[in-house]
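File shown: query.tsv. Contents: TSV, C-alpha atoms.
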chain	number	residue	atom	x	y	z
F	964	MET	CA	-2.14	-4.51	-16.52
F	965	PHE	CA	-1.50	-7.20	-13.96
F	966	VAL	CA	-2.08	-10.77	-15.04
F	967	LEU	CA	-1.69	-14.17	-13.53
F	968	ALA	CA	0.79	-16.31	-15.41
F	969	GLU	CA	0.73	-20.04	-14.96
F	970	MET	CA	4.21	-21.44	-14.85
F	971	LYS	CA	5.95	-24.61	-13.92
F	972	ASP	CA	9.38	-25.11	-12.54
F	973	VAL	CA	11.52	-27.61	-10.71
F	974	ILE	CA	12.46	-26.23	-7.36
F	975	ARG	CA	15.56	-27.35	-5.55
F	976	VAL	CA	15.04	-27.24	-1.82
F	977	THR	CA	18.34	-27.35	0.02
F	978	PRO	CA	18.53	-29.23	3.33
F	979	GLU	CA	18.59	-26.08	5.47
F	980	HIS	CA	14.98	-25.50	4.43
F	981	PHE	CA	13.83	-28.97	5.45
F	982	HIS	CA	12.55	-27.78	8.83
F	983	GLN	CA	9.88	-25.78	7.03
F	984	SER	CA	6.92	-27.24	5.29
F	985	LEU	CA	7.47	-27.92	1.60
F	986	THR	CA	4.90	-25.30	0.57
F	987	GLU	CA	6.58	-22.68	2.67
F	988	SER	CA	10.03	-23.32	1.26
F	989	ILE	CA	8.71	-23.43	-2.28
F	990	THR	CA	6.98	-20.08	-1.76
F	991	THR	CA	10.16	-18.51	-0.41
F	992	LEU	CA	12.31	-19.95	-3.15
F	993	LEU	CA	9.96	-19.01	-5.97
F	994	ASN	CA	9.72	-15.45	-4.70
F	995	ARG	CA	13.48	-15.26	-4.30
F	996	LYS	CA	13.95	-16.51	-7.81
F	997	LEU	CA	11.30	-14.51	-9.65
F	998	ALA	CA	10.22	-11.41	-7.72
F	999	ASN	CA	11.21	-8.16	-9.43
F	1000	LYS	CA	12.64	-10.04	-12.38
F	1001	VAL	CA	11.65	-10.14	-15.98
F	1002	VAL	CA	10.76	-13.52	-17.38
F	1003	VAL	CA	11.39	-13.87	-21.07
F	1004	LEU	CA	9.04	-15.62	-23.48
F	1005	ASN	CA	6.59	-12.73	-23.40
F	1006	VAL	CA	5.74	-12.96	-19.77
F	1007	GLY	CA	6.65	-9.66	-18.15
F	1008	LEU	CA	7.82	-8.30	-14.82
F	1009	CYS	CA	7.18	-10.74	-11.99
F	1010	ILE	CA	5.75	-9.24	-8.83
F	1011	ALA	CA	4.84	-11.96	-6.34
F	1012	LEU	CA	3.64	-15.54	-6.06
F	1013	PHE	CA	-0.13	-15.86	-6.22
F	1014	ASP	CA	-0.64	-19.53	-5.45
F	1015	ILE	CA	0.76	-22.98	-5.98
F	1016	THR	CA	-1.58	-25.14	-8.01
F	1017	HIS	CA	0.27	-28.42	-8.04
F	1018	ILE	CA	3.19	-29.96	-6.22
F	1019	GLY	CA	4.62	-33.05	-7.86
F	1020	HIS	CA	6.82	-35.75	-6.41
F	1021	SER	CA	10.11	-34.75	-4.87
F	1022	TYR	CA	13.27	-36.43	-6.09
F	1023	ILE	CA	16.69	-36.73	-4.56
F	1024	PHE	CA	19.58	-37.15	-6.93
F	1025	PRO	CA	22.79	-38.94	-6.05
F	1026	GLY	CA	25.42	-36.57	-4.73
F	1027	ASP	CA	22.99	-33.85	-3.75
F	1028	GLY	CA	21.14	-33.71	-0.47
F	1029	SER	CA	18.53	-31.33	-1.81
F	1030	SER	CA	15.10	-32.37	-2.93
F	1031	HIS	CA	13.86	-31.45	-6.37
F	1032	THR	CA	10.17	-30.87	-6.72
F	1033	GLU	CA	8.18	-30.05	-9.79
F	1034	VAL	CA	5.64	-27.35	-9.04
F	1035	LYS	CA	2.98	-25.61	-11.01
F	1036	PHE	CA	2.11	-22.18	-9.76
F	1037	ARG	CA	0.55	-18.89	-10.66
F	1038	TYR	CA	2.52	-15.68	-10.43
F	1039	ILE	CA	1.38	-12.07	-10.48
F	1040	VAL	CA	3.01	-10.49	-13.49
F	1041	PHE	CA	2.99	-6.92	-14.73
F	1042	ARG	CA	2.25	-7.15	-18.40
F	1043	PRO	CA	0.34	-4.36	-20.09
F	1044	VAL	CA	-1.89	-5.21	-23.01
F	1045	LEU	CA	-1.79	-3.30	-26.27
F	1046	GLU	CA	-3.60	0.03	-26.20
F	1047	GLU	CA	-3.82	-0.01	-22.47
F	1048	ILE	CA	-3.83	3.30	-20.65
F	1049	LEU	CA	-1.31	3.66	-17.87
F	1050	ILE	CA	-0.62	6.57	-15.58
F	1051	GLY	CA	2.97	7.25	-14.63
F	1052	LYS	CA	5.32	10.05	-13.81
F	1053	ILE	CA	7.84	11.66	-16.12
F	1054	ARG	CA	11.30	10.57	-15.13
F	1055	SER	CA	13.27	12.58	-17.63
F	1056	CYS	CA	13.08	14.14	-21.06
F	1057	GLY	CA	15.68	13.77	-23.74
F	1058	ARG	CA	16.16	14.10	-27.47
F	1059	GLU	CA	14.86	10.57	-27.95
F	1060	GLY	CA	11.59	11.24	-26.15
F	1061	VAL	CA	10.04	11.21	-22.73
F	1062	HIS	CA	10.97	8.61	-20.14
F	1063	VAL	CA	8.18	7.61	-17.81
F	1064	THR	CA	8.34	5.65	-14.59
F	1065	LEU	CA	5.57	3.73	-12.91
F	1066	GLY	CA	7.39	3.52	-9.61
F	1067	PHE	CA	8.01	-0.19	-9.79
F	1068	PHE	CA	8.79	-0.17	-13.49
F	1069	ASP	CA	11.08	2.41	-15.05
F	1070	ASP	CA	11.56	1.48	-18.66
F	1071	VAL	CA	8.71	3.26	-20.36
F	1072	LEU	CA	9.65	5.44	-23.31
F	1073	ILE	CA	7.41	7.68	-25.31
F	1074	PRO	CA	9.34	8.21	-28.54
F	1075	VAL	CA	9.33	11.54	-30.35
F	1076	ASN	CA	6.98	10.43	-33.08
F	1077	ALA	CA	4.39	9.39	-30.51
F	1078	LEU	CA	4.20	12.75	-28.75
F	1079	GLN	CA	1.39	15.20	-29.34
F	1080	HIS	CA	1.86	16.97	-32.63
F	1081	PRO	CA	3.45	19.54	-33.00
F	1082	SER	CA	5.98	19.18	-30.21
F	1083	ARG	CA	9.47	20.58	-29.82
F	1084	PHE	CA	12.30	19.93	-27.41
F	1085	ASP	CA	13.28	22.90	-25.28
F	1086	GLU	CA	17.04	22.69	-24.76
F	1087	THR	CA	17.20	25.21	-21.91
F	1088	GLU	CA	14.35	23.67	-19.95
F	1089	GLN	CA	15.28	20.14	-21.00
F	1090	ALA	CA	11.63	19.43	-21.54
F	1091	TRP	CA	9.31	18.57	-24.36
F	1092	VAL	CA	6.78	21.22	-25.29
F	1093	TRP	CA	3.50	20.68	-27.04
F	1094	GLU	CA	2.77	23.73	-29.16
F	1095	TYR	CA	-0.95	23.72	-28.73
F	1096	PRO	CA	-2.61	25.81	-31.43
F	1097	LYS	CA	-5.13	28.34	-30.15
F	1098	GLU	CA	-8.12	29.53	-32.11
F	1099	ASP	CA	-6.56	32.90	-32.91
F	1100	GLY	CA	-3.61	31.25	-34.63
F	1101	GLU	CA	-1.27	31.74	-31.69
F	1102	LYS	CA	0.49	28.86	-30.08
F	1103	HIS	CA	0.25	27.94	-26.46
F	1104	ASP	CA	3.18	26.04	-25.05
F	1105	LEU	CA	2.40	23.09	-22.82
F	1106	PHE	CA	5.48	21.87	-20.99
F	1107	MET	CA	6.23	18.31	-20.04
F	1108	ASP	CA	8.60	18.77	-17.14
F	1109	ALA	CA	10.30	15.96	-15.34
F	1110	GLU	CA	9.10	15.68	-11.81
F	1111	SER	CA	11.74	16.09	-9.20
F	1112	LEU	CA	11.94	12.47	-8.26
F	1113	PRO	CA	14.22	11.49	-5.44
F	1114	THR	CA	17.53	10.31	-6.76
F	1115	GLY	CA	20.28	8.50	-4.98
F	1116	PRO	CA	23.48	10.19	-3.82
F	1117	PRO	CA	25.74	11.30	-6.68
F	1118	GLY	CA	27.87	8.53	-8.05
F	1119	SER	CA	25.47	5.83	-6.99
F	1120	ASP	CA	24.07	5.51	-10.49
F	1121	CYS	CA	25.28	2.37	-12.06
F	1122	PRO	CA	27.39	3.47	-15.04
F	1123	VAL	CA	27.43	0.06	-16.63
F	1124	GLN	CA	23.66	0.04	-17.02
F	1125	SER	CA	22.88	-2.98	-19.10
F	1126	VAL	CA	20.18	-3.04	-21.71
F	1127	ALA	CA	16.77	-3.02	-20.10
F	1128	PRO	CA	15.29	-6.49	-20.39
F	1129	TYR	CA	11.74	-5.32	-20.76
F	1130	LYS	CA	10.71	-2.06	-22.35
F	1131	ILE	CA	7.38	-0.49	-22.94
F	1132	VAL	CA	6.89	1.95	-25.76
F	1133	GLY	CA	4.10	4.38	-25.15
F	1134	GLY	CA	2.32	7.00	-27.15
F	1135	ILE	CA	0.46	10.15	-26.20
F	1136	ASN	CA	-0.51	11.30	-29.67
F	1137	GLU	CA	-4.24	11.07	-29.32
F	1138	PRO	CA	-6.74	13.39	-27.69
F	1139	GLY	CA	-6.99	12.59	-24.01
F	1140	LEU	CA	-3.44	11.36	-23.69
F	1141	GLY	CA	-0.57	13.30	-22.23
F	1142	LEU	CA	-0.41	15.15	-18.96
F	1143	LEU	CA	-3.57	14.67	-16.95
F	1144	THR	CA	-3.83	18.44	-16.45
F	1145	TRP	CA	-4.17	19.01	-20.18
F	1146	TRP	CA	-7.52	17.32	-20.32
F	1147	GLU	CA	-8.96	18.05	-16.94
F	1148	ALA	CA	-11.66	20.53	-16.22
F	1149	PRO	CA	-10.17	23.84	-15.03
F	1150	GLU	CA	-9.07	24.17	-11.40
F	1151	ALA	CA	-8.45	20.49	-10.99
F	1152	ASP	CA	-4.85	19.82	-10.14
F	1153	ASP	CA	-3.00	16.63	-10.64
F	1154	ASP	CA	0.44	15.56	-11.57
F	1155	GLY	CA	1.63	12.72	-13.61
F	1156	ASP	CA	1.27	11.70	-17.13
F	1157	GLU	CA	-0.87	9.34	-18.98
F	1158	ASN	CA	0.42	7.21	-21.70
F	1159	GLU	CA	-0.89	4.65	-23.99
F	1160	GLU	CA	0.76	1.34	-24.25
F	1161	GLN	CA	1.38	0.46	-27.82
F	1162	GLU	CA	3.85	-2.29	-28.01
F	1163	ASN	CA	6.28	-3.98	-25.77
F	1164	GLN	CA	9.36	-5.90	-26.44
F	1165	GLU	CA	11.99	-7.69	-24.51
B	319	MET	CA	32.14	-39.87	-10.14
B	320	TRP	CA	28.70	-38.59	-9.40
B	321	THR	CA	27.48	-35.77	-11.52
B	322	LEU	CA	24.35	-33.77	-11.12
B	323	PRO	CA	21.81	-33.98	-13.87
B	324	LYS	CA	21.90	-30.40	-14.97
B	325	GLY	CA	19.45	-28.43	-17.00
B	326	ILE	CA	16.33	-29.67	-15.34
B	327	LEU	CA	16.55	-27.12	-12.60
B	328	ILE	CA	16.56	-23.66	-13.96
B	329	HIS	CA	14.06	-22.79	-16.61
B	330	SER	CA	10.72	-21.56	-15.46
B	331	ARG	CA	8.40	-22.60	-18.16
B	332	SER	CA	5.23	-20.73	-18.57
B	333	ILE	CA	2.22	-22.77	-19.44
B	334	LYS	CA	-0.28	-20.02	-19.87
B	335	VAL	CA	0.86	-16.45	-20.02
B	336	ASN	CA	-2.46	-14.75	-19.46
B	337	ALA	CA	-4.19	-17.20	-17.18
B	338	ALA	CA	-6.31	-14.48	-15.61
B	339	PHE	CA	-6.44	-10.74	-15.33
B	340	LEU	CA	-6.16	-8.97	-12.02
B	341	CYS	CA	-7.38	-5.47	-11.42
B	342	ASN	CA	-5.23	-3.00	-9.54
B	343	TYR	CA	-7.40	-3.33	-6.45
B	344	GLU	CA	-6.85	-7.09	-6.24
B	345	VAL	CA	-3.11	-6.74	-6.67
B	346	MET	CA	-2.98	-4.13	-3.93
B	347	GLN	CA	-4.92	-6.38	-1.56
B	348	ILE	CA	-2.68	-9.37	-2.22
B	349	LEU	CA	0.51	-7.39	-1.86
B	350	GLN	CA	-0.58	-5.70	1.31
B	351	GLN	CA	-1.44	-9.03	2.88
B	352	LEU	CA	1.91	-10.35	1.77
B	353	LYS	CA	3.66	-7.33	3.25
B	354	ASP	CA	1.92	-7.76	6.59
B	355	SER	CA	2.52	-11.48	6.83
B	356	THR	CA	6.21	-11.33	5.90
B	357	GLN	CA	6.89	-8.46	8.26
B	358	LYS	CA	5.68	-10.56	11.15
B	359	LYS	CA	8.03	-13.37	10.34
B	360	HIS	CA	11.09	-11.09	10.10
B	361	LYS	CA	12.44	-12.71	7.03
B	362	ARG	CA	11.78	-10.43	4.15
B	363	GLU	CA	13.42	-11.27	0.92
B	364	GLY	CA	15.24	-8.39	-0.76
B	365	SER	CA	13.83	-8.24	-4.25
B	366	LEU	CA	10.37	-9.32	-3.18
B	367	ALA	CA	10.29	-6.60	-0.54
B	368	THR	CA	11.43	-3.99	-3.07
B	369	VAL	CA	8.92	-4.86	-5.72
B	370	THR	CA	6.00	-5.18	-3.32
B	371	TYR	CA	6.85	-1.87	-1.66
B	372	GLU	CA	7.16	-0.03	-4.97
B	373	THR	CA	4.04	-1.55	-6.45
B	374	VAL	CA	1.92	-0.85	-3.39
B	375	HIS	CA	3.30	2.69	-3.34
B	376	TYR	CA	2.30	3.16	-6.97
B	377	LEU	CA	-1.14	1.63	-6.51
B	378	GLN	CA	-1.88	3.73	-3.45
B	379	ASN	CA	-1.69	6.81	-5.63
B	380	THR	CA	-4.28	5.48	-8.04
B	381	ASP	CA	-8.04	5.37	-7.75
B	382	CYS	CA	-8.02	1.77	-6.55
B	383	LYS	CA	-7.26	3.00	-3.04
B	384	ASN	CA	-10.93	3.85	-2.53
B	385	GLN	CA	-12.36	0.79	-4.23
B	386	SER	CA	-13.85	-2.26	-2.66
B	387	ALA	CA	-14.68	-5.70	-3.96
B	388	GLN	CA	-18.41	-5.11	-3.65
B	389	LEU	CA	-18.33	-1.82	-5.52
B	390	ILE	CA	-16.24	-3.27	-8.34
B	391	GLN	CA	-18.67	-6.16	-8.62
B	392	LYS	CA	-21.58	-3.74	-8.72
B	393	PHE	CA	-19.82	-1.74	-11.41
B	394	LEU	CA	-19.20	-4.83	-13.52
B	395	GLU	CA	-22.82	-5.96	-13.12
B	396	SER	CA	-24.05	-2.66	-14.44
B	397	MET	CA	-21.54	-2.73	-17.29
B	398	LYS	CA	-22.97	-5.99	-18.63
B	399	LYS	CA	-25.54	-4.33	-20.86
B	400	PHE	CA	-22.98	-2.21	-22.72
B	401	LYS	CA	-21.29	-5.23	-24.33
B	402	LEU	CA	-17.75	-4.15	-23.52
B	403	THR	CA	-14.78	-6.45	-23.79
B	404	LYS	CA	-13.00	-7.83	-20.76
B	405	THR	CA	-9.96	-5.60	-21.13
B	406	GLU	CA	-12.10	-2.52	-21.64
B	407	LYS	CA	-13.91	-3.21	-18.41
B	408	LEU	CA	-10.63	-3.91	-16.65
B	409	MET	CA	-9.22	-0.60	-17.83
B	410	MET	CA	-12.35	1.16	-16.61
B	411	VAL	CA	-11.90	-0.34	-13.17
B	412	ASN	CA	-8.22	0.60	-13.11
B	413	THR	CA	-8.64	4.07	-14.54
B	414	PRO	CA	-12.30	4.98	-14.05
B	415	PRO	CA	-13.50	7.22	-16.87
B	416	ARG	CA	-14.57	10.68	-15.78
B	417	THR	CA	-15.01	12.30	-19.16
B	418	GLU	CA	-16.34	11.29	-22.57
B	419	LEU	CA	-12.85	11.65	-23.93
B	420	GLU	CA	-11.59	8.91	-21.63
B	421	ILE	CA	-14.35	6.57	-22.80
B	422	GLN	CA	-13.24	7.17	-26.38
B	423	LEU	CA	-9.73	6.15	-25.42
B	424	ILE	CA	-10.72	3.06	-23.50
B	425	VAL	CA	-13.41	1.73	-25.79
B	426	GLN	CA	-12.36	0.91	-29.32
B	427	GLU	CA	-14.64	2.55	-31.88
B	428	SER	CA	-16.77	3.92	-29.09
B	429	GLU	CA	-18.73	6.21	-31.40
B	430	GLU	CA	-20.19	3.24	-33.22
B	431	ARG	CA	-20.70	0.99	-30.25
B	432	LEU	CA	-22.07	3.40	-27.68
B	433	SER	CA	-24.65	6.12	-27.95
B	434	GLU	CA	-24.12	9.49	-26.28
B	435	ASP	CA	-26.58	8.63	-23.53
B	436	GLU	CA	-24.83	5.34	-22.87
B	437	VAL	CA	-21.49	7.11	-22.52
B	438	LYS	CA	-23.02	9.49	-20.00
B	439	GLU	CA	-24.50	6.57	-18.12
B	440	ILE	CA	-21.15	4.81	-17.92
B	441	ILE	CA	-19.51	7.94	-16.52
B	442	GLN	CA	-22.27	8.27	-13.97
B	443	ILE	CA	-21.96	4.65	-12.87
B	444	ALA	CA	-18.19	5.00	-12.71
B	445	ASN	CA	-18.46	8.05	-10.50
B	446	GLU	CA	-20.88	6.21	-8.24
B	447	CYS	CA	-19.15	2.87	-7.93
B	448	LEU	CA	-15.53	3.86	-8.38
B	449	PRO	CA	-15.08	7.14	-6.54
B	450	ALA	CA	-12.02	9.22	-7.31
B	451	ALA	CA	-9.18	9.21	-4.83
B	452	ASP	CA	-8.93	12.53	-3.07
B	453	THR	CA	-6.04	14.36	-4.62
B	454	SER	CA	-4.87	15.88	-1.35

Starting from the coordinates I provided, produce the structure as structure tokens.
Amino acid sequence: MFVLAEMKDVIRVTPEHFHQSLTESITTLLNRKLANKVVVLNVGLCIALFDITHIGHSYIFPGDGSSHTEVKFRYIVFRPVLEEILIGKIRSCGREGVHVTLGFFDDVLIPVNALQHPSRFDETEQAWVWEYPKEDGEKHDLFMDAESLPTGPPGSDCPVQSVAPYKIVGGINEPGLGLLTWWEAPEADDDGDENEEQENQE
Amino acid sequence: MWTLPKGILIHSRSIKVNAAFLCNYEVMQILQQLKDSTQKKHKREGSLATVTYETVHYLQNTDCKNQSAQLIQKFLESMKKFKLTKTEKLMMVNTPPRTELEIQLIVQESEERLSEDEVKEIIQIANECLPAADTS
């Protein structure tokens, strides 16, 4: 789920960083620029700088006191592969499916058609329910409740939430997928939810 | 008038997207080192601090908390004979299989590629080398 991505960039080091070594300033600047951001072109969510593989010549352009250095580096990137199994927590349930968070990454959606079959949405509980058929023809309801995750003070939610730049679509419609408790041996207790990565898009 | 040559500064260009895979354990080690070293210098960068904190927090709740480099290596050595792909082995290290069902999920067409005894052996090795985190 985590990969190293090789990237190259031209880093502009402003004069106030000149007291540091070039490597140090490049590390700081690359982390400031990329950490916790999504890089397009199928890269993923950037976590932290892994190493710098090459530092080219530094150039100074007329009218700018900063130095511009071409660097090649490797960055730790969160990028799940297809069919990968991830464990996360349910953030919320809605008509469109189940939202899952991984803590550092929130935009995981399990759409309705990828839930265990047959499932229904319980309006009063605001939760998805897997109607698990028992041998005697009865149905046993398995609830997918949202965990009470800490939320910020009311009103702190950003109402102008822009479109998520990186989304993962998951599926739990195969045996073994879904809440961990569904498939565990009796008595074992665990929370969370397992989901299968199927496709991702920017 | 001097103008800056623009456009050469911004775009990070990726050369190789999947240069190497990292298992959860490795990422946790790197991030924890990073956390320790930046805390000493008192100059933590906002978004870097957020993402490292959240990722370490997530990883600490997974099985990789109890893993070690030697044990993972031992596990991979013993997996050699099963002819698994790289991503399958990586997934096994990240989410160690405890049941046959989990092997079926991780390994594509596991029924054809692995015999029942082999599946049991993998689970046994996984339990030995990659112990479960205590759920307390």

### Task
Using only C-alpha atoms, determine which residues lie at most 12 Å from B:Ile390, disregarding the query and same-chain residues fewer than 6 positions distant; provide the list as JSON, numbers by chain.
{"B": [341, 342, 343, 344, 381, 382, 384, 396, 397, 407, 408, 410, 411, 412, 414, 443, 444, 445, 446, 447, 448, 449]}

#### Entry: Who sits within 10 Å of B:Leu419, only C-alpha atoms, same chain under 2 positions skipped, as JSON, numbers by chain
{"F": [1138, 1139, 1140, 1146], "B": [415, 416, 417, 421, 422, 423, 424, 437]}

### Message
Select, as a list in words, those residues of chain F with any atom no more than 7 Å from chain B (distances computed using all atoms listed in the file).
### Response
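Residues passing the distance filter: Phe965, Val966, Leu967, Ala968, Glu969, Met970, Lys971, Asp972, Val973, Ile974, Asn994, Arg995, Ala998, Asn999, Val1006, Ile1010, Ala1011, Pro1025, Gly1026, Leu1065, Gly1066, Phe1067 and Gly1139 of chain F.
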
Restricting the output to C-alpha atoms, write the selected residues as a PDB file, keeping the file's coordinate frame.
ATOM      1  CA  PHE F 965      -1.500  -7.200 -13.960  1.00  0.00           C
ATOM      2  CA  VAL F 966      -2.080 -10.770 -15.040  1.00  0.00           C
ATOM      3  CA  LEU F 967      -1.690 -14.170 -13.530  1.00  0.00           C
ATOM      4  CA  ALA F 968       0.790 -16.310 -15.410  1.00  0.00           C
ATOM      5  CA  GLU F 969       0.730 -20.040 -14.960  1.00  0.00           C
ATOM      6  CA  MET F 970       4.210 -21.440 -14.850  1.00  0.00           C
ATOM      7  CA  LYS F 971       5.950 -24.610 -13.920  1.00  0.00           C
ATOM      8  CA  ASP F 972       9.380 -25.110 -12.540  1.00  0.00           C
ATOM      9  CA  VAL F 973      11.520 -27.610 -10.710  1.00  0.00           C
ATOM     10  CA  ILE F 974      12.460 -26.230  -7.360  1.00  0.00           C
ATOM     11  CA  ASN F 994       9.720 -15.450  -4.700  1.00  0.00           C
ATOM     12  CA  ARG F 995      13.480 -15.260  -4.300  1.00  0.00           C
ATOM     13  CA  ALA F 998      10.220 -11.410  -7.720  1.00  0.00           C
ATOM     14  CA  ASN F 999      11.210  -8.160  -9.430  1.00  0.00           C
ATOM     15  CA  VAL F1006       5.740 -12.960 -19.770  1.00  0.00           C
ATOM     16  CA  ILE F1010       5.750  -9.240  -8.830  1.00  0.00           C
ATOM     17  CA  ALA F1011       4.840 -11.960  -6.340  1.00  0.00           C
ATOM     18  CA  PRO F1025      22.790 -38.940  -6.050  1.00  0.00           C
ATOM     19  CA  GLY F1026      25.420 -36.570  -4.730  1.00  0.00           C
ATOM     20  CA  LEU F1065       5.570   3.730 -12.910  1.00  0.00           C
ATOM     21  CA  GLY F1066       7.390   3.520  -9.610  1.00  0.00           C
ATOM     22  CA  PHE F1067       8.010  -0.190  -9.790  1.00  0.00           C
ATOM     23  CA  GLY F1139      -6.990  12.590 -24.010  1.00  0.00           C
TER      24      GLY F1139
END

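Between B:Gln350 and the residues B:Arg431, B:Lys398, B:Lys383, B:Lys438, the shortest atom-to-atom distance, using all atoms listed in the file, involves B:Lys383.
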
### Task
Take atom CA of F:Glu1059 and atom CA of F:Pro1074 and report the distance between them in Å, one decimal.
6.0 Å

### Query
Looking at only C-alpha atoms, which of F:Ile1018, F:Leu1105, F:Val1044, F:Val1075 is the one that sits closest to F:His1062?
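The closest residue to F:His1062 is F:Val1075.
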
### Task
Might you pull out every residue within 6 Å of F:Leu1078, with all atoms listed in the file counted and same-chain residues fewer than 2 positions away left off, and present them as JSON, numbers by chain?
{"F": [1075, 1076, 1135, 1136]}

### Message
(14.5, -26.0, -0.5) in this file's frame - what residues fall within 8 Å of it? Use all atoms listed in the file and give the answer as a VMD selection string.
### Response
chain F and resid 974 to 981 985 988 to 989 992 1029 to 1030

### Query
So how many Å separate atom CA of F:Lys1035 and atom CA of F:Thr1016, to one decimal?
5.5 Å
